[in-house]
$ cat input10.tsv   # TSV, C-alpha atoms and all ligand atoms
chain	number	residue	atom	x	y	z
A	20	MET	CA	0.00	0.00	0.00
A	21	PRO	CA	1.42	3.44	-0.87
A	22	ARG	CA	1.96	5.71	2.10
A	23	LYS	CA	-0.84	8.15	2.70
A	24	LYS	CA	-0.13	11.84	2.25
A	25	ARG	CA	-0.03	13.72	5.55
A	26	ILE	CA	-1.21	17.20	6.34
A	27	ALA	CA	-1.21	18.93	9.74
A	28	ILE	CA	-3.35	21.50	11.50
A	29	LEU	CA	-2.77	23.84	14.43
A	30	THR	CA	-4.97	26.35	16.22
A	31	ALA	CA	-3.06	29.40	17.43
A	32	GLY	CA	-4.01	32.65	19.16
A	33	GLY	CA	-6.96	32.92	21.53
A	34	ASP	CA	-9.65	30.27	21.45
A	35	CYS	CA	-12.73	30.97	19.38
A	36	PRO	CA	-16.09	29.23	18.98
A	37	GLY	CA	-15.93	27.10	15.83
A	38	LEU	CA	-12.31	25.91	16.04
A	39	ASN	CA	-13.38	22.32	16.58
A	40	ALA	CA	-15.71	22.49	13.59
A	41	VAL	CA	-12.74	23.53	11.42
A	42	ILE	CA	-10.61	20.66	12.74
A	43	ARG	CA	-13.41	18.15	12.15
A	44	ALA	CA	-14.02	19.40	8.61
A	45	VAL	CA	-10.31	19.21	7.76
A	46	VAL	CA	-9.89	15.65	9.07
A	47	ARG	CA	-13.02	14.39	7.36
A	48	THR	CA	-12.49	16.15	4.01
A	49	ALA	CA	-8.84	15.06	3.87
A	50	GLU	CA	-9.84	11.46	4.43
A	51	ASN	CA	-13.13	11.33	2.52
A	52	VAL	CA	-12.02	13.10	-0.63
A	53	HIS	CA	-8.28	12.48	-0.85
A	54	GLY	CA	-7.48	9.59	1.47
A	55	TRP	CA	-4.97	11.79	3.37
A	56	GLU	CA	-4.06	11.60	7.05
A	57	THR	CA	-4.37	14.69	9.24
A	58	TRP	CA	-1.97	15.32	12.10
A	59	GLY	CA	-2.61	17.70	14.98
A	60	ILE	CA	-0.11	20.13	16.53
A	61	ARG	CA	-0.73	20.85	20.20
A	62	ASN	CA	-1.12	24.39	21.56
A	63	GLY	CA	-0.46	26.30	18.37
A	64	MET	CA	3.20	26.61	17.41
A	65	GLU	CA	4.23	25.43	20.89
A	66	GLY	CA	3.60	21.84	19.81
A	67	PHE	CA	6.70	22.02	17.62
A	68	LEU	CA	8.83	22.70	20.66
A	69	GLU	CA	7.80	19.61	22.63
A	70	PRO	CA	10.46	16.92	23.09
A	71	ARG	CA	10.29	13.73	21.00
A	72	ASP	CA	7.52	15.20	18.81
A	73	GLU	CA	5.05	14.62	21.63
A	74	GLY	CA	3.11	17.68	20.51
A	75	ILE	CA	2.44	16.15	17.08
A	76	TRP	CA	0.05	13.24	16.65
A	77	ARG	CA	-2.27	11.54	14.20
A	78	LEU	CA	-5.77	12.98	14.44
A	79	THR	CA	-8.17	10.15	13.87
A	80	ARG	CA	-11.71	10.37	12.67
A	81	GLN	CA	-12.79	9.09	16.10
A	82	GLU	CA	-11.05	11.98	17.80
A	83	VAL	CA	-13.05	14.53	15.85
A	84	SER	CA	-16.31	12.69	16.24
A	85	GLY	CA	-19.06	14.74	17.91
A	86	ILE	CA	-17.04	17.96	18.23
A	87	VAL	CA	-18.78	20.18	15.69
A	88	ALA	CA	-20.73	22.02	18.40
A	89	ARG	CA	-18.04	21.99	21.09
A	90	GLY	CA	-16.40	25.28	22.10
A	91	GLY	CA	-12.64	25.72	22.55
A	92	THR	CA	-10.21	23.56	20.61
A	93	ILE	CA	-9.31	19.91	21.10
A	94	LEU	CA	-5.79	20.81	19.93
A	95	GLY	CA	-5.25	23.47	22.57
A	96	ALA	CA	-4.19	27.01	21.72
A	97	SER	CA	-1.57	29.52	22.75
A	98	ASN	CA	-1.42	33.21	22.03
A	99	ARG	CA	1.97	33.77	23.62
A	100	CYS	CA	4.21	31.65	21.40
A	101	ASP	CA	6.29	33.46	18.80
A	102	ILE	CA	8.33	30.68	17.21
A	103	PHE	CA	10.81	33.29	15.94
A	104	ALA	CA	11.42	34.65	19.45
A	105	VAL	CA	11.01	31.92	22.04
A	106	PRO	CA	12.01	33.19	25.51
A	107	ARG	CA	15.05	31.67	27.18
A	108	LYS	CA	15.54	31.38	30.94
A	109	ASP	CA	18.04	34.25	30.90
A	110	GLY	CA	15.42	36.63	29.47
A	111	THR	CA	16.76	36.63	25.89
A	112	THR	CA	14.92	35.02	22.97
A	113	ARG	CA	15.87	32.45	20.35
A	114	ASP	CA	14.61	31.80	16.82
A	115	GLU	CA	13.22	28.24	16.88
A	116	SER	CA	11.56	28.32	13.48
A	117	ASP	CA	13.95	25.74	12.03
A	118	ARG	CA	12.45	23.23	14.44
A	119	VAL	CA	9.13	23.62	12.63
A	120	VAL	CA	10.74	22.84	9.29
A	121	LYS	CA	12.56	19.82	10.74
A	122	ALA	CA	9.55	18.46	12.66
A	123	LEU	CA	7.34	18.59	9.59
A	124	LYS	CA	10.01	16.84	7.51
A	125	ARG	CA	10.68	14.20	10.17
A	126	ASN	CA	6.99	13.38	10.38
A	127	ARG	CA	6.54	13.40	6.59
A	128	ILE	CA	3.96	16.19	6.82
A	129	GLU	CA	3.63	17.89	3.46
A	130	ALA	CA	1.41	20.85	4.26
A	131	LEU	CA	0.28	22.77	7.33
A	132	ILE	CA	-3.05	24.47	8.02
A	133	THR	CA	-2.67	27.39	10.41
A	134	VAL	CA	-5.93	28.46	12.03
A	135	GLY	CA	-5.36	31.84	13.62
A	136	GLY	CA	-5.57	35.59	13.57
A	137	ASP	CA	-3.23	38.26	12.25
A	138	GLY	CA	-0.38	37.39	14.64
A	139	THR	CA	-0.46	33.72	13.62
A	140	HIS	CA	-0.54	34.63	9.95
A	141	GLN	CA	2.40	36.99	10.29
A	142	MET	CA	4.33	34.03	11.68
A	143	ALA	CA	2.91	31.77	8.96
A	144	GLN	CA	4.19	34.15	6.30
A	145	ARG	CA	7.71	33.92	7.69
A	146	LEU	CA	7.45	30.12	7.74
A	147	ILE	CA	6.26	30.16	4.12
A	148	GLU	CA	9.43	32.10	3.29
A	149	LYS	CA	11.35	29.19	4.83
A	150	GLY	CA	9.71	26.84	2.35
A	151	ILE	CA	6.81	25.43	4.41
A	152	LYS	CA	3.61	24.84	2.47
A	153	ILE	CA	0.93	26.64	4.45
A	154	VAL	CA	-2.77	27.34	4.00
A	155	GLY	CA	-4.39	29.70	6.51
A	156	VAL	CA	-7.84	29.77	8.09
A	157	PRO	CA	-8.92	33.13	9.55
A	158	LYS	CA	-10.05	32.96	13.17
A	159	THR	CA	-11.14	35.63	15.61
A	160	ILE	CA	-14.28	36.73	17.39
A	161	ASP	CA	-13.23	40.29	16.44
A	162	ASN	CA	-14.15	39.81	12.73
A	163	ASP	CA	-11.29	42.08	11.74
A	164	ILE	CA	-9.11	39.98	9.44
A	165	ARG	CA	-8.42	41.46	6.03
A	166	GLY	CA	-9.54	39.54	2.98
A	167	THR	CA	-12.60	37.89	4.48
A	168	ASP	CA	-16.05	39.36	5.10
A	169	ARG	CA	-16.58	37.20	8.16
A	170	THR	CA	-14.59	35.21	10.67
A	171	PHE	CA	-16.15	32.34	12.60
A	172	GLY	CA	-16.66	33.05	16.30
A	173	PHE	CA	-17.99	36.52	15.61
A	174	ASP	CA	-21.61	35.42	15.33
A	175	THR	CA	-21.39	33.60	18.67
A	176	ALA	CA	-19.77	36.64	20.29
A	177	ILE	CA	-22.44	39.06	19.11
A	178	GLY	CA	-25.07	36.59	20.29
A	179	VAL	CA	-23.56	36.81	23.78
A	180	VAL	CA	-23.51	40.63	23.60
A	181	GLY	CA	-27.09	40.80	22.30
A	182	GLU	CA	-28.29	38.54	25.09
A	183	ALA	CA	-26.34	40.41	27.76
A	184	ILE	CA	-27.86	43.71	26.65
A	185	GLY	CA	-31.31	42.15	26.84
A	186	ARG	CA	-30.65	41.08	30.41
A	187	LEU	CA	-29.19	44.45	31.40
A	188	TYR	CA	-32.15	46.35	30.01
A	189	THR	CA	-34.44	44.99	32.70
A	190	THR	CA	-32.20	46.32	35.47
A	191	ALA	CA	-31.57	49.58	33.60
A	192	GLN	CA	-35.32	50.08	33.24
A	193	SER	CA	-36.26	49.07	36.77
A	194	HIS	CA	-33.57	51.19	38.44
A	195	HIS	CA	-33.54	54.09	35.93
A	196	ARG	CA	-29.86	53.53	35.32
A	197	VAL	CA	-27.31	53.84	32.60
A	198	MET	CA	-25.73	50.45	31.98
A	199	LEU	CA	-22.41	50.35	30.16
A	200	VAL	CA	-21.50	47.03	28.54
A	201	GLU	CA	-17.83	46.66	27.64
A	202	VAL	CA	-17.18	44.22	24.82
A	203	MET	CA	-14.07	42.81	23.15
A	204	GLY	CA	-12.81	43.61	19.66
A	205	ARG	CA	-9.32	44.97	20.22
A	206	ASP	CA	-8.64	47.84	17.77
A	207	THR	CA	-11.91	47.43	15.91
A	208	GLY	CA	-15.56	47.95	16.78
A	209	TRP	CA	-17.28	45.14	14.87
A	210	ILE	CA	-18.46	43.30	18.00
A	211	ALA	CA	-19.71	46.54	19.59
A	212	LEU	CA	-21.49	47.67	16.43
A	213	HIS	CA	-23.20	44.38	15.62
A	214	GLY	CA	-23.81	43.49	19.28
A	215	GLY	CA	-25.21	46.97	19.93
A	216	LEU	CA	-27.55	46.68	16.96
A	217	ALA	CA	-28.60	43.18	18.04
A	218	GLY	CA	-29.38	44.40	21.54
A	219	GLY	CA	-30.87	47.77	20.59
A	220	ALA	CA	-28.30	49.86	22.48
A	221	GLU	CA	-28.83	53.63	22.63
A	222	ALA	CA	-25.16	54.42	22.12
A	223	ILE	CA	-22.21	52.48	20.76
A	224	LEU	CA	-18.62	53.60	21.32
A	225	ILE	CA	-16.10	52.15	18.86
A	226	PRO	CA	-12.39	52.80	18.28
A	227	GLU	CA	-12.97	53.96	14.71
A	228	ILE	CA	-15.17	56.85	15.89
A	229	PRO	CA	-13.50	58.63	18.83
A	230	TYR	CA	-16.18	59.66	21.32
A	231	ASP	CA	-16.97	62.82	23.22
A	232	PRO	CA	-18.42	62.24	26.71
A	233	ASP	CA	-20.44	65.48	26.46
A	234	ARG	CA	-22.21	64.16	23.38
A	235	LEU	CA	-22.82	60.82	25.10
A	236	ALA	CA	-24.31	62.60	28.11
A	237	HIS	CA	-26.41	64.72	25.76
A	238	LYS	CA	-27.91	61.59	24.18
A	239	ILE	CA	-28.72	60.14	27.59
A	240	ARG	CA	-30.30	63.42	28.76
A	241	ALA	CA	-32.37	63.63	25.56
A	242	ARG	CA	-33.79	60.23	26.44
A	243	VAL	CA	-34.60	61.37	29.98
A	244	GLU	CA	-36.47	64.39	28.58
A	245	TYR	CA	-38.37	61.95	26.36
A	246	GLY	CA	-39.40	59.98	29.47
A	247	LYS	CA	-36.80	57.20	29.19
A	248	ARG	CA	-34.76	57.43	32.36
A	249	PHE	CA	-32.51	54.53	31.39
A	250	SER	CA	-30.02	53.75	28.67
A	251	VAL	CA	-27.76	50.91	27.61
A	252	VAL	CA	-24.44	51.88	26.06
A	253	VAL	CA	-22.07	49.39	24.37
A	254	VAL	CA	-18.43	50.32	24.85
A	255	SER	CA	-15.85	48.62	22.70
A	256	GLU	CA	-12.70	47.81	24.70
A	257	GLY	CA	-10.73	49.94	22.23
A	258	ALA	CA	-13.02	52.98	22.52
A	259	ARG	CA	-11.13	56.23	22.99
A	260	ARG	CA	-11.45	59.98	22.91
A	261	PRO	CA	-9.74	61.95	20.13
A	262	GLN	CA	-6.00	61.84	20.74
A	263	GLY	CA	-6.81	59.75	23.82
A	264	ALA	CA	-5.05	56.50	24.60
A	265	MET	CA	-6.76	53.13	24.72
A	266	VAL	CA	-7.15	51.56	28.16
A	267	TYR	CA	-5.15	48.44	29.01
A	268	ARG	CA	-5.85	45.89	31.73
A	269	GLU	CA	-3.93	46.48	34.91
A	270	GLY	CA	-0.43	45.06	34.69
A	271	GLU	CA	-0.75	44.20	30.97
A	272	SER	CA	0.68	46.27	28.16
A	273	ASP	CA	-0.92	44.38	25.27
A	274	ARG	CA	-4.39	43.45	26.51
A	275	LEU	CA	-7.18	46.01	26.38
A	276	GLY	CA	-9.82	46.26	29.09
A	277	GLY	CA	-11.36	48.65	31.56
A	278	VAL	CA	-12.39	51.61	29.41
A	279	SER	CA	-16.02	51.30	30.56
A	280	PHE	CA	-14.88	52.25	34.07
A	281	ARG	CA	-13.51	55.50	32.63
A	282	VAL	CA	-16.67	56.17	30.60
A	283	ALA	CA	-18.79	55.53	33.71
A	284	GLU	CA	-16.81	58.17	35.60
A	285	GLU	CA	-17.19	60.62	32.72
A	286	LEU	CA	-20.95	60.09	32.71
A	287	ARG	CA	-21.33	60.40	36.48
A	288	ARG	CA	-19.81	63.84	36.21
A	289	ARG	CA	-22.30	64.82	33.52
A	290	THR	CA	-25.65	63.24	34.48
A	291	VAL	CA	-27.60	62.67	37.66
A	292	LEU	CA	-28.46	59.10	36.71
A	293	GLU	CA	-26.90	56.09	38.36
A	294	VAL	CA	-24.29	54.49	36.12
A	295	ARG	CA	-23.06	50.90	36.21
A	296	HIS	CA	-20.55	49.16	33.99
A	297	ILE	CA	-19.91	45.52	33.27
A	298	VAL	CA	-17.11	43.91	31.28
A	299	LEU	CA	-18.28	40.85	29.32
A	300	GLY	CA	-14.70	39.67	28.74
A	301	HIS	CA	-14.10	36.07	27.84
A	302	THR	CA	-17.77	35.08	28.09
A	303	GLN	CA	-17.84	36.31	24.47
A	304	ARG	CA	-15.32	33.68	23.39
A	305	GLY	CA	-16.46	30.66	25.33
A	306	GLY	CA	-19.17	28.08	25.04
A	307	VAL	CA	-21.08	26.50	22.23
A	308	PRO	CA	-20.58	28.05	18.76
A	309	SER	CA	-23.71	29.32	17.05
A	310	PRO	CA	-25.02	27.26	14.11
A	311	TYR	CA	-23.82	30.04	11.75
A	312	ASP	CA	-20.28	29.76	13.13
A	313	ARG	CA	-20.32	25.96	12.92
A	314	ILE	CA	-21.35	26.15	9.28
A	315	LEU	CA	-18.80	28.84	8.38
A	316	ALA	CA	-16.01	27.05	10.26
A	317	SER	CA	-16.87	23.75	8.56
A	318	ARG	CA	-16.87	25.40	5.12
A	319	LEU	CA	-13.52	27.07	5.78
A	320	GLY	CA	-12.01	23.77	6.95
A	321	GLN	CA	-13.24	21.97	3.83
A	322	GLN	CA	-11.93	24.79	1.65
A	323	ALA	CA	-8.50	24.73	3.32
A	324	VAL	CA	-8.09	21.10	2.29
A	325	GLN	CA	-9.23	22.02	-1.22
A	326	LEU	CA	-6.54	24.73	-1.43
A	327	ILE	CA	-3.91	22.17	-0.44
A	328	ALA	CA	-5.20	19.82	-3.15
A	329	ASP	CA	-4.99	22.72	-5.62
A	330	GLY	CA	-1.44	23.55	-4.52
A	331	ALA	CA	-2.59	27.07	-3.59
A	332	PHE	CA	-0.11	27.57	-0.75
A	333	GLY	CA	0.49	30.90	0.93
A	334	LYS	CA	-3.25	31.60	0.79
A	335	MET	CA	-5.84	32.03	3.49
A	336	VAL	CA	-9.37	30.74	2.88
A	337	ALA	CA	-11.97	33.48	3.01
A	338	LEU	CA	-15.65	34.25	2.71
A	339	ARG	CA	-16.74	36.88	0.17
A	340	GLY	CA	-20.46	37.41	0.19
A	341	GLU	CA	-21.73	33.84	0.33
A	342	ARG	CA	-18.86	32.33	-1.64
A	343	MET	CA	-15.64	30.69	-0.56
A	344	SER	CA	-12.59	32.56	-1.75
A	345	SER	CA	-8.93	33.03	-0.83
A	346	TRP	CA	-6.52	35.81	0.05
A	347	PRO	CA	-2.72	35.99	0.23
A	348	ILE	CA	-1.46	35.37	3.76
A	349	ALA	CA	1.14	38.09	3.17
A	350	LYS	CA	-1.63	40.67	2.98
A	351	VAL	CA	-3.22	39.66	6.30
A	352	ALA	CA	-0.26	41.27	8.02
A	353	GLN	CA	-1.22	44.68	6.64
A	354	GLY	CA	-3.28	45.40	9.74
A	355	PRO	CA	-6.86	44.80	10.84
A	356	ARG	CA	-10.01	45.42	8.82
A	357	ARG	CA	-11.72	48.34	10.53
A	358	VAL	CA	-15.33	49.48	10.71
A	359	PRO	CA	-15.75	52.19	8.04
A	360	PRO	CA	-16.97	55.20	10.05
A	361	ARG	CA	-18.92	56.45	7.03
A	362	GLY	CA	-20.06	52.98	6.00
A	363	PRO	CA	-23.65	51.83	5.57
A	364	LEU	CA	-23.92	49.96	8.86
A	365	VAL	CA	-22.92	52.99	10.92
A	366	ALA	CA	-25.35	55.15	8.93
A	367	GLN	CA	-28.17	52.66	9.43
A	368	ALA	CA	-27.49	52.42	13.16
A	369	ARG	CA	-27.66	56.21	13.34
A	370	GLU	CA	-30.96	56.35	11.46
A	371	ILE	CA	-32.38	53.78	13.87
A	372	GLY	CA	-31.39	56.17	16.66
A	373	ALA	CA	-28.10	54.88	18.03
A	374	SER	CA	-25.49	57.49	18.83
A	375	PHE	CA	-21.74	56.99	18.48
A	376	ALA	CA	-21.16	60.13	20.57
A	377	ALA	CA	-18.84	61.10	17.74
A	378	ALA	CA	-16.37	63.78	18.73
A	379	ASP	CA	-16.16	64.92	15.11
A	380	GLY	CA	-19.87	65.77	15.15
A	381	SER	CA	-20.78	63.11	12.58
A	382	ASP	CA	-23.83	62.08	14.67
A	383	ASP	CA	-25.20	65.59	14.92
A	384	ALA	CA	-27.25	65.72	11.73
A	385	TYR	CA	-29.04	62.53	12.77
A	386	ALA	CA	-29.62	63.82	16.31
A	387	ASP	CA	-30.95	67.13	14.94
A	388	ALA	CA	-33.36	65.30	12.63
A	389	ARG	CA	-34.59	63.18	15.55
A	390	ALA	CA	-35.03	66.28	17.71
A	391	ARG	CA	-37.08	67.96	14.96
A	392	HIS	CA	-39.41	64.98	14.99
A	393	GLY	CA	-39.61	64.84	18.78
A	394	ALA	CA	-37.45	61.73	19.13
A	395	PRO	CA	-34.51	61.42	21.58
A	401	LIG	O1	-8.63	38.74	19.51
A	401	LIG	C1	-9.59	38.12	20.30
A	401	LIG	C2	-9.64	38.73	21.67
A	401	LIG	O2	-10.66	38.10	22.40
A	401	LIG	C3	-9.80	40.24	21.69
A	401	LIG	O3	-11.11	40.65	21.44
A	401	LIG	C4	-9.28	40.56	23.07
A	401	LIG	O4	-8.81	41.90	23.14
A	401	LIG	C5	-8.16	39.58	23.25
A	401	LIG	O5	-8.41	38.51	22.37
A	401	LIG	C6	-8.04	39.05	24.66
A	401	LIG	O6	-6.94	38.22	24.74
A	401	LIG	P1	-6.62	37.28	25.98
A	401	LIG	O7	-7.51	36.06	25.86
A	401	LIG	O8	-5.20	36.95	25.84
A	401	LIG	O9	-6.96	38.02	27.23

$ encode --input "input10.tsv" --output "structure tokens"
Amino acid sequence: MPRKKRIAILTAGGDCPGLNAVIRAVVRTAENVHGWETWGIRNGMEGFLEPRDEGIWRLTRQEVSGIVARGGTILGASNRCDIFAVPRKDGTTRDESDRVVKALKRNRIEALITVGGDGTHQMAQRLIEKGIKIVGVPKTIDNDIRGTDRTFGFDTAIGVVGEAIGRLYTTAQSHHRVMLVEVMGRDTGWIALHGGLAGGAEAILIPEIPYDPDRLAHKIRARVEYGKRFSVVVVSEGARRPQGAMVYREGESDRLGGVSFRVAEELRRRTVLEVRHIVLGHTQRGGVPSPYDRILASRLGQQAVQLIADGAFGKMVALRGERMSSWPIAKVAQGPRRVPPRGPLVAQAREIGASFAAADGSDDAYADARARHGAP
């Protein structure tokens, strides 16, 4: 019997609902269509650093059975491993990327599927330059990867935000409070914008539209005058004032978090209403993936195997409209895909009545129109 071709898959970066659906689709498509074996790499790139190749093993069909709806990743993930700068005990770093090349060769693995975000794909690009055949799968709840209209995990995350807002409304209404809901998204406001629309938030603060606390307070006061003594405001973790810095978690220089505390203080100084803030944090990334995410993740996994079969290395699978497509991994590194501040979704949200408390005054025309018609 001729030896079966081997491909491998790793999941790097933060976990994300739908990762297991990708893994399952890869293993099954590789076997069903091509008769290939799939091998798993444990904990992202870290698996290549384990002694005796213990972080690399054959992923059987049994192992991926029943995981389509399971959150997390059966492979494990790591968002701290840079294979080109692995920390040493003495505080310096060492380039261990040759170990990836050697491990793949030793295990007769011909191609690697990297499921990850921009950081993972920057590393993948450097590995491609070393001769490794790589196909990428975009992954992040933030929905901000260039080249694809959607990333899996995003739908689940906005479902969590939408539900949280629904729950917070009852307290906001009963206690006549302003509830601030801080959501993830890093440098982009996709989760805040979609989650805010899904939950019917009165204001949405996103990094792409620097906010002015006076305008936010004005929106909240307009609602009070209208008889609504409560408001729910979605605050993206990257929200900021013009020229203002983003807020990082205490003791961490690269992890955002805590801006809603600042916005709460700003509002307390400007309104008489009680203000509360909650940070949804990792609840947005955990748990069961939505059916949409399972479907998208499965399609991307199938398509990744197809790209390998086509010899289309150096590409990331992508979704354009409803169709599967691809995008050069090299271009993923050009930075995140941001919410267009003058795009249709922002305009629609404004017409529905949401404010972005835009410091540049881009909400004002909408607020004036509402005021003319007696709306808050
Ligand atoms: O990129 C996904 C994401 O969840 C961001 O929205 C968030 O800023 C970051 O990861 C949190 O990372 P960590 O899990 O390391 O705290």

$ residues_near_ligand --input "input10.tsv" --ligand "ligand LIG 401 (chain A)" --cutoff "6 Å" --atoms "only C-alpha atoms and all ligand atoms" --output "PyMOL selection string"
chain A and resi 33+159-161+203-205+274-275

$ closest_residue --input "input10.tsv" --among "A:Lys334, A:Arg287, A:Arg186, A:Arg77" --to "A:Lys152" --atoms "all atoms listed in the file"
A:Lys334

$ residues_around --input "input10.tsv" --residues "A:Asp174" --least-positions-apart "6" --cutoff "10 Å" --atoms "all atoms listed in the file" --output "number ranges by chain"
A: 36, 160-162, 180, 210, 213-214, 303, 308-313, 315

$ atom_distance --input "input10.tsv" --atom1 "atom CA of A:Pro229" --atom2 "atom CA of A:Gly208"
11.1 Å

$ closest_residue --input "input10.tsv" --among "A:Gln192, A:Gln322, A:Ser97, A:Gln353" --to "A:Arg47" --atoms "only C-alpha atoms"
A:Gln322

$ residues_near_point --input "input10.tsv" --point "(-33.2, 54.8, 33.3)" --cutoff "12 Å" --atoms "all atoms listed in the file" --output "short mmCIF file (atom, residue, chain, number, x, y, z; two decimals) with C-alpha atoms, in the coordinates of the input"
data_model
loop_
_atom_site.label_atom_id
_atom_site.label_comp_id
_atom_site.auth_asym_id
_atom_site.auth_seq_id
_atom_site.Cartn_x
_atom_site.Cartn_y
_atom_site.Cartn_z
CA LEU A 187 -29.19 44.45 31.40
CA TYR A 188 -32.15 46.35 30.01
CA THR A 189 -34.44 44.99 32.70
CA THR A 190 -32.20 46.32 35.47
CA ALA A 191 -31.57 49.58 33.60
CA GLN A 192 -35.32 50.08 33.24
CA SER A 193 -36.26 49.07 36.77
CA HIS A 194 -33.57 51.19 38.44
CA HIS A 195 -33.54 54.09 35.93
CA ARG A 196 -29.86 53.53 35.32
CA VAL A 197 -27.31 53.84 32.60
CA MET A 198 -25.73 50.45 31.98
CA GLU A 221 -28.83 53.63 22.63
CA ILE A 239 -28.72 60.14 27.59
CA ARG A 240 -30.30 63.42 28.76
CA ALA A 241 -32.37 63.63 25.56
CA ARG A 242 -33.79 60.23 26.44
CA VAL A 243 -34.60 61.37 29.98
CA GLU A 244 -36.47 64.39 28.58
CA TYR A 245 -38.37 61.95 26.36
CA GLY A 246 -39.40 59.98 29.47
CA LYS A 247 -36.80 57.20 29.19
CA ARG A 248 -34.76 57.43 32.36
CA PHE A 249 -32.51 54.53 31.39
CA SER A 250 -30.02 53.75 28.67
CA VAL A 251 -27.76 50.91 27.61
CA VAL A 252 -24.44 51.88 26.06
CA THR A 290 -25.65 63.24 34.48
CA VAL A 291 -27.60 62.67 37.66
CA LEU A 292 -28.46 59.10 36.71
CA GLU A 293 -26.90 56.09 38.36
CA VAL A 294 -24.29 54.49 36.12
CA ARG A 295 -23.06 50.90 36.21
#

$ residues_around --input "input10.tsv" --residues "A:Asp101" --least-positions-apart "6" --cutoff "9 Å" --atoms "only C-alpha atoms" --output "number ranges by chain"
A: 64-65, 114-115, 138-139, 142

$ closest_residue --input "input10.tsv" --among "A:Ile86, A:Leu29, A:Ala130, A:Ala394" --to "A:Ala328" --atoms "all atoms listed in the file"
A:Ala130
